[in-house]
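Please read the structure below before turning to the comments.
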Amino acid sequence: MKPHKQYGLIGKMLSHSFSKKYFEDKFRRENIDAVYENFELNDISQVEDLFLAHPNLCGLNVTIPYKEQIIPYLDEINEQAKKIGAVNTIYIDKETGKKKGYNTDVYGFKQSLKPFLENQHQRALILGTGGVSKAVEYVLNELGIITAFVSRTPQGENHFGYDELNENILASFLLIVNTTPLGTFPNVEEKPPLNYSAITSNHLLYDLVYNPAETAFLKEGKKRGALIINGEQMLKLQAEKAWGIWGG
């Protein structure tokens with residue numbers, strides 16, 4: 001019998017991950033002979049053993065904290081992923097064994113954000129500086145939106161600390177994108193330490209977290225009349241884009 005095609009996700013703490021259920025449901029619904037597994041790695045170097053142990057592996061998704069660390073283990077990365085400096089999708093060529101990296105977060109974020117953008121959203125704060133924040137910055141720059149990063153340890157130009165975000169700054173950055181895991185289930189009370197009283201109905205708050213559907217960050221925005229979006233649509237769009245790369 002021909003072996004199943006195998007796909008999976010690498011990262012840490014994957015028990016609540018979106019990808020496994022999404023692809024398992026897809027394979028069942030569309031009668032696709034494939035399996036999808038979570039591969040929790042304590043260290044990115046373990047990915048080499050993973051490749052050897054799973055010869056039927058055709059593709060991987062990559063999540064926190066390995067979107068940047070995975071790059072040296074790949075044979076090639078496409079131009080867009082190279083510019084961003086982060087990979088969230090790997091295609092494995094079964095004939096050559098070569099592994100090529102892509103970034104489908106860009107597609108997912110862009111397509112899910114665009115319908116909600118209004119003229120006042122000319123400047124954006126990106127909360128967090130991890131791998132996915134680079135894809136967010138790339139998209140916003142493509143859309144002509146001026147960006148600045150916010151983190152607990154700001155470094156360099158265009159980086160704010162949370163304590164620097166006074167009312168004037170928040171009034172001039174009307175799009176705020178949370179790329180940190182703060183507020184993810186089960187830690188649903190956590191939220192980025194913003195001055196939420198400065199959020200208005202002119203703001204658009206986008207949280208890449210999707211579980212819960214309404215994070216503490218989004219609730220604070222909603223309370224003040226801001227438009228809010230969670231990360232579920234982005235995840236679906238990037239997953240379908242990954243499936244296209246894998247040849248689905």
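Identifiers for the structure tokens are assigned positionally: chains receive A, B, ... in sequence, residues are indexed from 1 per chain, and ligands are indexed from 1 in the order shown.
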
Contacts of range 50-137 of chain A with range 199-214 of chain A up to 9 Å, shortest pair per row, only C-alpha atoms, as a Markdown table:
| residue | atom | partner | partner_atom | distance |
| --- | --- | --- | --- | --- |
| A:Phe109 | CA | A:Leu208 | CA | 8.7 |
| A:Leu113 | CA | A:Tyr206 | CA | 8.2 |
| A:Phe116 | CA | A:Leu204 | CA | 8.1 |
| A:Leu117 | CA | A:Leu204 | CA | 8.0 |
| A:Gln120 | CA | A:Asn202 | CA | 7.5 |
| A:His121 | CA | A:Leu204 | CA | 7.7 |

How would the residues just chosen look if you wrote them out with N, CA and C atoms as a PDB file, in the first residue's frame?
ATOM      1  N   PHE A 109      -2.008  37.587   6.489  1.00  0.00           N
ATOM      2  CA  PHE A 109      -2.198  38.868   7.174  1.00  0.00           C
ATOM      3  C   PHE A 109      -2.744  39.924   6.220  1.00  0.00           C
ATOM      4  N   LEU A 113      -6.450  41.667   6.581  1.00  0.00           N
ATOM      5  CA  LEU A 113      -6.450  43.056   7.060  1.00  0.00           C
ATOM      6  C   LEU A 113      -7.120  44.018   6.075  1.00  0.00           C
ATOM      7  N   PHE A 116     -10.570  45.856   6.183  1.00  0.00           N
ATOM      8  CA  PHE A 116     -10.893  46.677   7.355  1.00  0.00           C
ATOM      9  C   PHE A 116     -10.142  48.011   7.388  1.00  0.00           C
ATOM     10  N   LEU A 117      -9.201  48.190   6.478  1.00  0.00           N
ATOM     11  CA  LEU A 117      -8.405  49.419   6.502  1.00  0.00           C
ATOM     12  C   LEU A 117      -9.225  50.618   6.030  1.00  0.00           C
ATOM     13  N   GLN A 120      -7.799  56.615   7.753  1.00  0.00           N
ATOM     14  CA  GLN A 120      -7.034  57.112   8.906  1.00  0.00           C
ATOM     15  C   GLN A 120      -5.925  56.148   9.355  1.00  0.00           C
ATOM     16  N   HIS A 121      -5.918  54.927   8.795  1.00  0.00           N
ATOM     17  CA  HIS A 121      -4.934  53.935   9.238  1.00  0.00           C
ATOM     18  C   HIS A 121      -3.623  54.074   8.446  1.00  0.00           C
TER      19      HIS A 121
END

*Find the residues near Gly161 in chain A: any atom within 9 Å, counting only C-alpha atoms, skip ones fewer than 5 places away on the same chain, and give them as a list of chain:residue names.*
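So, after excluding close chain neighbours, the residues are A:Phe149, A:Val150, A:Ser151, A:Arg152, A:Thr153, A:Pro154, A:Gln155.
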
Selected residues, N, CA and C atoms, written as a compact mmCIF listing (two decimals), in the first residue's frame, please.
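Wrote it out as out.txt, contents follow:
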# COMPACT_ATOMS: atom_id res chain seq x y z
N PHE A 149 7.82 49.53 16.00
CA PHE A 149 7.72 48.35 16.87
C PHE A 149 7.61 48.77 18.34
N VAL A 150 6.94 47.93 19.12
CA VAL A 150 6.84 48.16 20.57
C VAL A 150 7.27 46.87 21.26
N SER A 151 8.18 47.00 22.23
CA SER A 151 8.60 45.82 22.99
C SER A 151 9.05 46.24 24.38
N ARG A 152 9.27 45.25 25.21
CA ARG A 152 9.72 45.53 26.58
C ARG A 152 11.17 46.03 26.59
N THR A 153 11.93 45.61 25.58
CA THR A 153 13.34 46.03 25.49
C THR A 153 13.58 46.64 24.11
N PRO A 154 13.11 47.88 23.90
CA PRO A 154 13.25 48.50 22.57
C PRO A 154 14.70 48.72 22.18
N GLN A 155 15.00 48.45 20.90
CA GLN A 155 16.36 48.63 20.41
C GLN A 155 16.33 49.32 19.06

Residue neighbourhood Pro192 in chain A, 12 Å, only C-alpha atoms, exclusion window fewer than 4 positions, as a tab-separated table (two decimals) with C-alpha atoms, in the first residue's frame:
chain	number	residue	atom	x	y	z
A	126	ILE	CA	3.49	46.41	15.92
A	127	LEU	CA	3.50	44.89	19.41
A	128	GLY	CA	6.32	42.33	19.66
A	150	VAL	CA	6.84	48.16	20.57
A	151	SER	CA	8.60	45.82	22.99
A	152	ARG	CA	9.72	45.53	26.58
A	161	GLY	CA	8.99	50.76	24.98
A	162	TYR	CA	5.46	50.25	26.31
A	163	ASP	CA	6.06	52.97	28.91
A	165	LEU	CA	3.32	55.11	24.51
A	176	ILE	CA	-2.24	48.47	16.50
A	177	VAL	CA	-1.24	44.87	15.71
A	178	ASN	CA	-0.48	42.45	18.55
A	179	THR	CA	2.02	39.81	17.40
A	180	THR	CA	2.86	38.63	20.95
A	181	PRO	CA	1.26	35.51	22.47
A	182	LEU	CA	-0.15	37.56	25.39
A	183	GLY	CA	-3.77	36.61	26.06
A	184	THR	CA	-3.61	33.18	24.43
A	188	VAL	CA	-6.78	34.81	28.85
A	196	TYR	CA	-6.02	51.60	26.86
A	205	LEU	CA	-6.90	46.66	16.84
A	207	ASP	CA	-4.67	40.51	17.43
A	215	THR	CA	-8.67	38.44	23.77
A	216	ALA	CA	-8.33	40.86	26.69
A	217	PHE	CA	-6.51	43.21	24.25
A	218	LEU	CA	-9.44	43.16	21.82
A	220	GLU	CA	-10.27	46.73	25.75
A	221	GLY	CA	-10.52	48.09	22.20

*Which residues come within 8 Å of range 62-76 of chain A, counting only C-alpha atoms, excluding same-chain residues fewer than 2 positions away, as a ChimeraX atom specification?*
/A:9-12,44,47-48,60,78,85-90,98-101,130-132

DSSP on the backbone: what in range 15-204 of chain A comes out helix (DSSP H, G or I), as a PDB file with N, CA and C atoms, in the first residue's frame?
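Once written, part_22.pdb looks like this:
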ATOM      1  N   PHE A  18      -3.549  25.601  16.036  1.00  0.00           N
ATOM      2  CA  PHE A  18      -4.607  25.677  15.028  1.00  0.00           C
ATOM      3  C   PHE A  18      -4.398  24.646  13.914  1.00  0.00           C
ATOM      4  N   SER A  19      -3.149  24.473  13.491  1.00  0.00           N
ATOM      5  CA  SER A  19      -2.853  23.780  12.238  1.00  0.00           C
ATOM      6  C   SER A  19      -3.293  22.319  12.213  1.00  0.00           C
ATOM      7  N   LYS A  20      -3.023  21.577  13.273  1.00  0.00           N
ATOM      8  CA  LYS A  20      -3.321  20.140  13.268  1.00  0.00           C
ATOM      9  C   LYS A  20      -4.805  19.882  13.022  1.00  0.00           C
ATOM     10  N   LYS A  21      -5.660  20.528  13.787  1.00  0.00           N
ATOM     11  CA  LYS A  21      -7.104  20.319  13.611  1.00  0.00           C
ATOM     12  C   LYS A  21      -7.556  20.803  12.232  1.00  0.00           C
ATOM     13  N   TYR A  22      -7.024  21.940  11.806  1.00  0.00           N
ATOM     14  CA  TYR A  22      -7.426  22.504  10.512  1.00  0.00           C
ATOM     15  C   TYR A  22      -7.132  21.521   9.377  1.00  0.00           C
ATOM     16  N   PHE A  23      -5.907  20.988   9.360  1.00  0.00           N
ATOM     17  CA  PHE A  23      -5.534  20.093   8.266  1.00  0.00           C
ATOM     18  C   PHE A  23      -6.184  18.717   8.400  1.00  0.00           C
ATOM     19  N   GLU A  24      -6.336  18.226   9.611  1.00  0.00           N
ATOM     20  CA  GLU A  24      -7.029  16.936   9.784  1.00  0.00           C
ATOM     21  C   GLU A  24      -8.470  17.035   9.287  1.00  0.00           C
ATOM     22  N   ASP A  25      -9.141  18.129   9.620  1.00  0.00           N
ATOM     23  CA  ASP A  25     -10.515  18.337   9.137  1.00  0.00           C
ATOM     24  C   ASP A  25     -10.534  18.454   7.609  1.00  0.00           C
ATOM     25  N   LYS A  26      -9.574  19.158   7.074  1.00  0.00           N
ATOM     26  CA  LYS A  26      -9.479  19.346   5.609  1.00  0.00           C
ATOM     27  C   LYS A  26      -9.261  17.999   4.909  1.00  0.00           C
ATOM     28  N   PHE A  27      -8.329  17.203   5.427  1.00  0.00           N
ATOM     29  CA  PHE A  27      -8.034  15.912   4.805  1.00  0.00           C
ATOM     30  C   PHE A  27      -9.270  14.996   4.846  1.00  0.00           C
ATOM     31  N   ARG A  28      -9.985  15.029   5.964  1.00  0.00           N
ATOM     32  CA  ARG A  28     -11.195  14.203   6.097  1.00  0.00           C
ATOM     33  C   ARG A  28     -12.271  14.672   5.132  1.00  0.00           C
ATOM     34  N   ARG A  29     -12.502  15.973   5.130  1.00  0.00           N
ATOM     35  CA  ARG A  29     -13.576  16.579   4.306  1.00  0.00           C
ATOM     36  C   ARG A  29     -13.319  16.375   2.816  1.00  0.00           C
ATOM     37  N   ILE A  44      15.894  23.809  18.056  1.00  0.00           N
ATOM     38  CA  ILE A  44      15.728  23.743  16.600  1.00  0.00           C
ATOM     39  C   ILE A  44      16.653  22.701  15.971  1.00  0.00           C
ATOM     40  N   SER A  45      17.788  22.405  16.619  1.00  0.00           N
ATOM     41  CA  SER A  45      18.725  21.421  16.052  1.00  0.00           C
ATOM     42  C   SER A  45      18.076  20.040  15.909  1.00  0.00           C
ATOM     43  N   GLN A  46      17.009  19.779  16.680  1.00  0.00           N
ATOM     44  CA  GLN A  46      16.321  18.486  16.607  1.00  0.00           C
ATOM     45  C   GLN A  46      15.597  18.288  15.273  1.00  0.00           C
ATOM     46  N   VAL A  47      15.482  19.358  14.493  1.00  0.00           N
ATOM     47  CA  VAL A  47      14.773  19.241  13.213  1.00  0.00           C
ATOM     48  C   VAL A  47      15.519  18.301  12.262  1.00  0.00           C
ATOM     49  N   GLU A  48      16.832  18.200  12.395  1.00  0.00           N
ATOM     50  CA  GLU A  48      17.605  17.300  11.521  1.00  0.00           C
ATOM     51  C   GLU A  48      17.213  15.848  11.753  1.00  0.00           C
ATOM     52  N   ASP A  49      17.069  15.470  13.021  1.00  0.00           N
ATOM     53  CA  ASP A  49      16.621  14.105  13.336  1.00  0.00           C
ATOM     54  C   ASP A  49      15.191  13.885  12.856  1.00  0.00           C
ATOM     55  N   LEU A  50      14.376  14.926  12.953  1.00  0.00           N
ATOM     56  CA  LEU A  50      12.981  14.840  12.501  1.00  0.00           C
ATOM     57  C   LEU A  50      12.920  14.506  11.008  1.00  0.00           C
ATOM     58  N   PHE A  51      13.722  15.204  10.210  1.00  0.00           N
ATOM     59  CA  PHE A  51      13.751  14.942   8.764  1.00  0.00           C
ATOM     60  C   PHE A  51      14.161  13.499   8.475  1.00  0.00           C
ATOM     61  N   LEU A  52      15.149  12.996   9.219  1.00  0.00           N
ATOM     62  CA  LEU A  52      15.630  11.626   9.000  1.00  0.00           C
ATOM     63  C   LEU A  52      14.600  10.584   9.431  1.00  0.00           C
ATOM     64  N   ALA A  53      13.905  10.872  10.536  1.00  0.00           N
ATOM     65  CA  ALA A  53      12.961   9.893  11.101  1.00  0.00           C
ATOM     66  C   ALA A  53      11.645   9.804  10.330  1.00  0.00           C
ATOM     67  N   ILE A  71      15.894  28.810   9.424  1.00  0.00           N
ATOM     68  CA  ILE A  71      16.475  29.172   8.120  1.00  0.00           C
ATOM     69  C   ILE A  71      17.799  28.452   7.807  1.00  0.00           C
ATOM     70  N   PRO A  72      18.756  28.355   8.747  1.00  0.00           N
ATOM     71  CA  PRO A  72      20.014  27.669   8.410  1.00  0.00           C
ATOM     72  C   PRO A  72      19.857  26.176   8.072  1.00  0.00           C
ATOM     73  N   TYR A  73      18.708  25.585   8.421  1.00  0.00           N
ATOM     74  CA  TYR A  73      18.489  24.153   8.175  1.00  0.00           C
ATOM     75  C   TYR A  73      17.813  23.888   6.816  1.00  0.00           C
ATOM     76  N   GLU A  79      12.356  34.407  -2.311  1.00  0.00           N
ATOM     77  CA  GLU A  79      12.788  35.809  -2.181  1.00  0.00           C
ATOM     78  C   GLU A  79      12.032  36.556  -1.083  1.00  0.00           C
ATOM     79  N   GLN A  80      10.729  36.360  -1.060  1.00  0.00           N
ATOM     80  CA  GLN A  80       9.906  37.078  -0.073  1.00  0.00           C
ATOM     81  C   GLN A  80      10.311  36.706   1.351  1.00  0.00           C
ATOM     82  N   ALA A  81      10.457  35.407   1.610  1.00  0.00           N
ATOM     83  CA  ALA A  81      10.853  34.949   2.952  1.00  0.00           C
ATOM     84  C   ALA A  81      12.246  35.467   3.307  1.00  0.00           C
ATOM     85  N   LYS A  82      13.098  35.564   2.285  1.00  0.00           N
ATOM     86  CA  LYS A  82      14.462  36.073   2.496  1.00  0.00           C
ATOM     87  C   LYS A  82      14.421  37.532   2.948  1.00  0.00           C
ATOM     88  N   LYS A  83      13.583  38.320   2.286  1.00  0.00           N
ATOM     89  CA  LYS A  83      13.449  39.740   2.649  1.00  0.00           C
ATOM     90  C   LYS A  83      12.899  39.898   4.061  1.00  0.00           C
ATOM     91  N   ILE A  84      11.957  39.049   4.415  1.00  0.00           N
ATOM     92  CA  ILE A  84      11.329  39.135   5.733  1.00  0.00           C
ATOM     93  C   ILE A  84      12.270  38.614   6.816  1.00  0.00           C
ATOM     94  N   ASP A 105       2.531  33.733   6.099  1.00  0.00           N
ATOM     95  CA  ASP A 105       1.926  34.708   7.026  1.00  0.00           C
ATOM     96  C   ASP A 105       1.628  36.013   6.294  1.00  0.00           C
ATOM     97  N   VAL A 106       2.506  36.369   5.355  1.00  0.00           N
ATOM     98  CA  VAL A 106       2.347  37.605   4.585  1.00  0.00           C
ATOM     99  C   VAL A 106       1.001  37.611   3.869  1.00  0.00           C
ATOM    100  N   TYR A 107       0.715  36.547   3.143  1.00  0.00           N
ATOM    101  CA  TYR A 107      -0.547  36.437   2.402  1.00  0.00           C
ATOM    102  C   TYR A 107      -1.739  36.475   3.366  1.00  0.00           C
ATOM    103  N   GLY A 108      -1.657  35.666   4.424  1.00  0.00           N
ATOM    104  CA  GLY A 108      -2.768  35.581   5.375  1.00  0.00           C
ATOM    105  C   GLY A 108      -3.063  36.907   6.048  1.00  0.00           C
ATOM    106  N   PHE A 109      -2.008  37.587   6.489  1.00  0.00           N
ATOM    107  CA  PHE A 109      -2.198  38.868   7.174  1.00  0.00           C
ATOM    108  C   PHE A 109      -2.744  39.924   6.220  1.00  0.00           C
ATOM    109  N   LYS A 110      -2.152  40.008   5.049  1.00  0.00           N
ATOM    110  CA  LYS A 110      -2.554  41.051   4.092  1.00  0.00           C
ATOM    111  C   LYS A 110      -4.022  40.897   3.682  1.00  0.00           C
ATOM    112  N   GLN A 111      -4.408  39.683   3.315  1.00  0.00           N
ATOM    113  CA  GLN A 111      -5.776  39.473   2.825  1.00  0.00           C
ATOM    114  C   GLN A 111      -6.821  39.639   3.929  1.00  0.00           C
ATOM    115  N   SER A 112      -6.442  39.308   5.162  1.00  0.00           N
ATOM    116  CA  SER A 112      -7.405  39.437   6.261  1.00  0.00           C
ATOM    117  C   SER A 112      -7.519  40.874   6.767  1.00  0.00           C
ATOM    118  N   LEU A 113      -6.450  41.667   6.581  1.00  0.00           N
ATOM    119  CA  LEU A 113      -6.450  43.056   7.060  1.00  0.00           C
ATOM    120  C   LEU A 113      -7.120  44.018   6.075  1.00  0.00           C
ATOM    121  N   LYS A 114      -6.836  43.834   4.789  1.00  0.00           N
ATOM    122  CA  LYS A 114      -7.225  44.831   3.777  1.00  0.00           C
ATOM    123  C   LYS A 114      -8.690  45.272   3.824  1.00  0.00           C
ATOM    124  N   PRO A 115      -9.662  44.366   4.015  1.00  0.00           N
ATOM    125  CA  PRO A 115     -11.065  44.807   4.018  1.00  0.00           C
ATOM    126  C   PRO A 115     -11.415  45.783   5.139  1.00  0.00           C
ATOM    127  N   PHE A 116     -10.570  45.856   6.183  1.00  0.00           N
ATOM    128  CA  PHE A 116     -10.893  46.677   7.355  1.00  0.00           C
ATOM    129  C   PHE A 116     -10.142  48.011   7.388  1.00  0.00           C
ATOM    130  N   GLY A 131       9.278  36.420  15.021  1.00  0.00           N
ATOM    131  CA  GLY A 131       9.275  36.091  13.602  1.00  0.00           C
ATOM    132  C   GLY A 131       8.070  36.608  12.840  1.00  0.00           C
ATOM    133  N   VAL A 132       6.884  36.481  13.416  1.00  0.00           N
ATOM    134  CA  VAL A 132       5.679  36.900  12.688  1.00  0.00           C
ATOM    135  C   VAL A 132       5.595  38.416  12.579  1.00  0.00           C
ATOM    136  N   SER A 133       6.226  39.139  13.497  1.00  0.00           N
ATOM    137  CA  SER A 133       6.190  40.607  13.429  1.00  0.00           C
ATOM    138  C   SER A 133       6.871  41.111  12.158  1.00  0.00           C
ATOM    139  N   LYS A 134       7.838  40.354  11.664  1.00  0.00           N
ATOM    140  CA  LYS A 134       8.550  40.740  10.437  1.00  0.00           C
ATOM    141  C   LYS A 134       7.637  40.637   9.221  1.00  0.00           C
ATOM    142  N   ALA A 135       6.785  39.602   9.213  1.00  0.00           N
ATOM    143  CA  ALA A 135       5.820  39.461   8.115  1.00  0.00           C
ATOM    144  C   ALA A 135       4.798  40.591   8.169  1.00  0.00           C
ATOM    145  N   VAL A 136       4.378  40.952   9.371  1.00  0.00           N
ATOM    146  CA  VAL A 136       3.426  42.050   9.555  1.00  0.00           C
ATOM    147  C   VAL A 136       4.035  43.362   9.058  1.00  0.00           C
ATOM    148  N   GLU A 137       5.281  43.626   9.447  1.00  0.00           N
ATOM    149  CA  GLU A 137       5.955  44.845   8.994  1.00  0.00           C
ATOM    150  C   GLU A 137       6.052  44.872   7.463  1.00  0.00           C
ATOM    151  N   TYR A 138       6.396  43.744   6.865  1.00  0.00           N
ATOM    152  CA  TYR A 138       6.547  43.636   5.407  1.00  0.00           C
ATOM    153  C   TYR A 138       5.239  44.010   4.706  1.00  0.00           C
ATOM    154  N   VAL A 139       4.128  43.465   5.202  1.00  0.00           N
ATOM    155  CA  VAL A 139       2.807  43.746   4.598  1.00  0.00           C
ATOM    156  C   VAL A 139       2.455  45.217   4.752  1.00  0.00           C
ATOM    157  N   LEU A 140       2.617  45.759   5.949  1.00  0.00           N
ATOM    158  CA  LEU A 140       2.240  47.155   6.194  1.00  0.00           C
ATOM    159  C   LEU A 140       3.068  48.099   5.327  1.00  0.00           C
ATOM    160  N   ASN A 141       4.345  47.789   5.175  1.00  0.00           N
ATOM    161  CA  ASN A 141       5.191  48.612   4.298  1.00  0.00           C
ATOM    162  C   ASN A 141       4.702  48.535   2.852  1.00  0.00           C
ATOM    163  N   GLU A 142       4.324  47.336   2.424  1.00  0.00           N
ATOM    164  CA  GLU A 142       3.775  47.150   1.065  1.00  0.00           C
ATOM    165  C   GLU A 142       2.514  47.994   0.861  1.00  0.00           C
ATOM    166  N   TYR A 162       6.877  50.062  25.971  1.00  0.00           N
ATOM    167  CA  TYR A 162       5.456  50.247  26.307  1.00  0.00           C
ATOM    168  C   TYR A 162       5.236  51.507  27.149  1.00  0.00           C
ATOM    169  N   ASP A 163       6.212  51.806  28.023  1.00  0.00           N
ATOM    170  CA  ASP A 163       6.060  52.974  28.908  1.00  0.00           C
ATOM    171  C   ASP A 163       6.177  54.301  28.156  1.00  0.00           C
ATOM    172  N   GLU A 164       6.637  54.250  26.898  1.00  0.00           N
ATOM    173  CA  GLU A 164       6.763  55.474  26.097  1.00  0.00           C
ATOM    174  C   GLU A 164       5.481  55.819  25.346  1.00  0.00           C
ATOM    175  N   GLU A 167      -0.436  59.383  25.246  1.00  0.00           N
ATOM    176  CA  GLU A 167      -1.679  59.620  24.487  1.00  0.00           C
ATOM    177  C   GLU A 167      -1.404  60.174  23.100  1.00  0.00           C
ATOM    178  N   ASN A 168      -0.384  61.025  22.964  1.00  0.00           N
ATOM    179  CA  ASN A 168      -0.070  61.604  21.652  1.00  0.00           C
ATOM    180  C   ASN A 168       0.370  60.547  20.653  1.00  0.00           C
ATOM    181  N   ILE A 169       1.213  59.628  21.119  1.00  0.00           N
ATOM    182  CA  ILE A 169       1.678  58.568  20.228  1.00  0.00           C
ATOM    183  C   ILE A 169       0.514  57.665  19.834  1.00  0.00           C
ATOM    184  N   LEU A 170      -0.288  57.266  20.808  1.00  0.00           N
ATOM    185  CA  LEU A 170      -1.431  56.386  20.505  1.00  0.00           C
ATOM    186  C   LEU A 170      -2.461  57.083  19.615  1.00  0.00           C
ATOM    187  N   ALA A 171      -2.536  58.416  19.709  1.00  0.00           N
ATOM    188  CA  ALA A 171      -3.474  59.163  18.853  1.00  0.00           C
ATOM    189  C   ALA A 171      -2.983  59.237  17.415  1.00  0.00           C
ATOM    190  N   SER A 172      -1.661  59.064  17.225  1.00  0.00           N
ATOM    191  CA  SER A 172      -1.140  59.169  15.856  1.00  0.00           C
ATOM    192  C   SER A 172      -0.914  57.804  15.188  1.00  0.00           C
ATOM    193  N   TYR A 196      -4.801  51.859  27.632  1.00  0.00           N
ATOM    194  CA  TYR A 196      -6.016  51.599  26.855  1.00  0.00           C
ATOM    195  C   TYR A 196      -7.008  52.755  26.886  1.00  0.00           C
ATOM    196  N   SER A 197      -6.875  53.626  27.866  1.00  0.00           N
ATOM    197  CA  SER A 197      -7.798  54.770  27.931  1.00  0.00           C
ATOM    198  C   SER A 197      -7.585  55.713  26.743  1.00  0.00           C
ATOM    199  N   ALA A 198      -6.443  55.585  26.049  1.00  0.00           N
ATOM    200  CA  ALA A 198      -6.168  56.435  24.879  1.00  0.00           C
ATOM    201  C   ALA A 198      -6.677  55.822  23.570  1.00  0.00           C
TER     202      ALA A 198
END

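If you look at CA of His4 in chain A and CA of Ala34 in chain A, they are 5.0 Å away from each other.
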
*Could you tell me, as a PyMOL selection string, which residues of range 20-223 of chain A DSSP assigns to strand (DSSP E or B) when given the backbone?*
chain A and resi 34-40+57-62+76-77+89-92+99-102+123-127+146-151+159-161+175-178+204-207

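Interatomic distance, CA of Tyr36 in chain A to CA of Ile229 in chain A: 27.7 Å.
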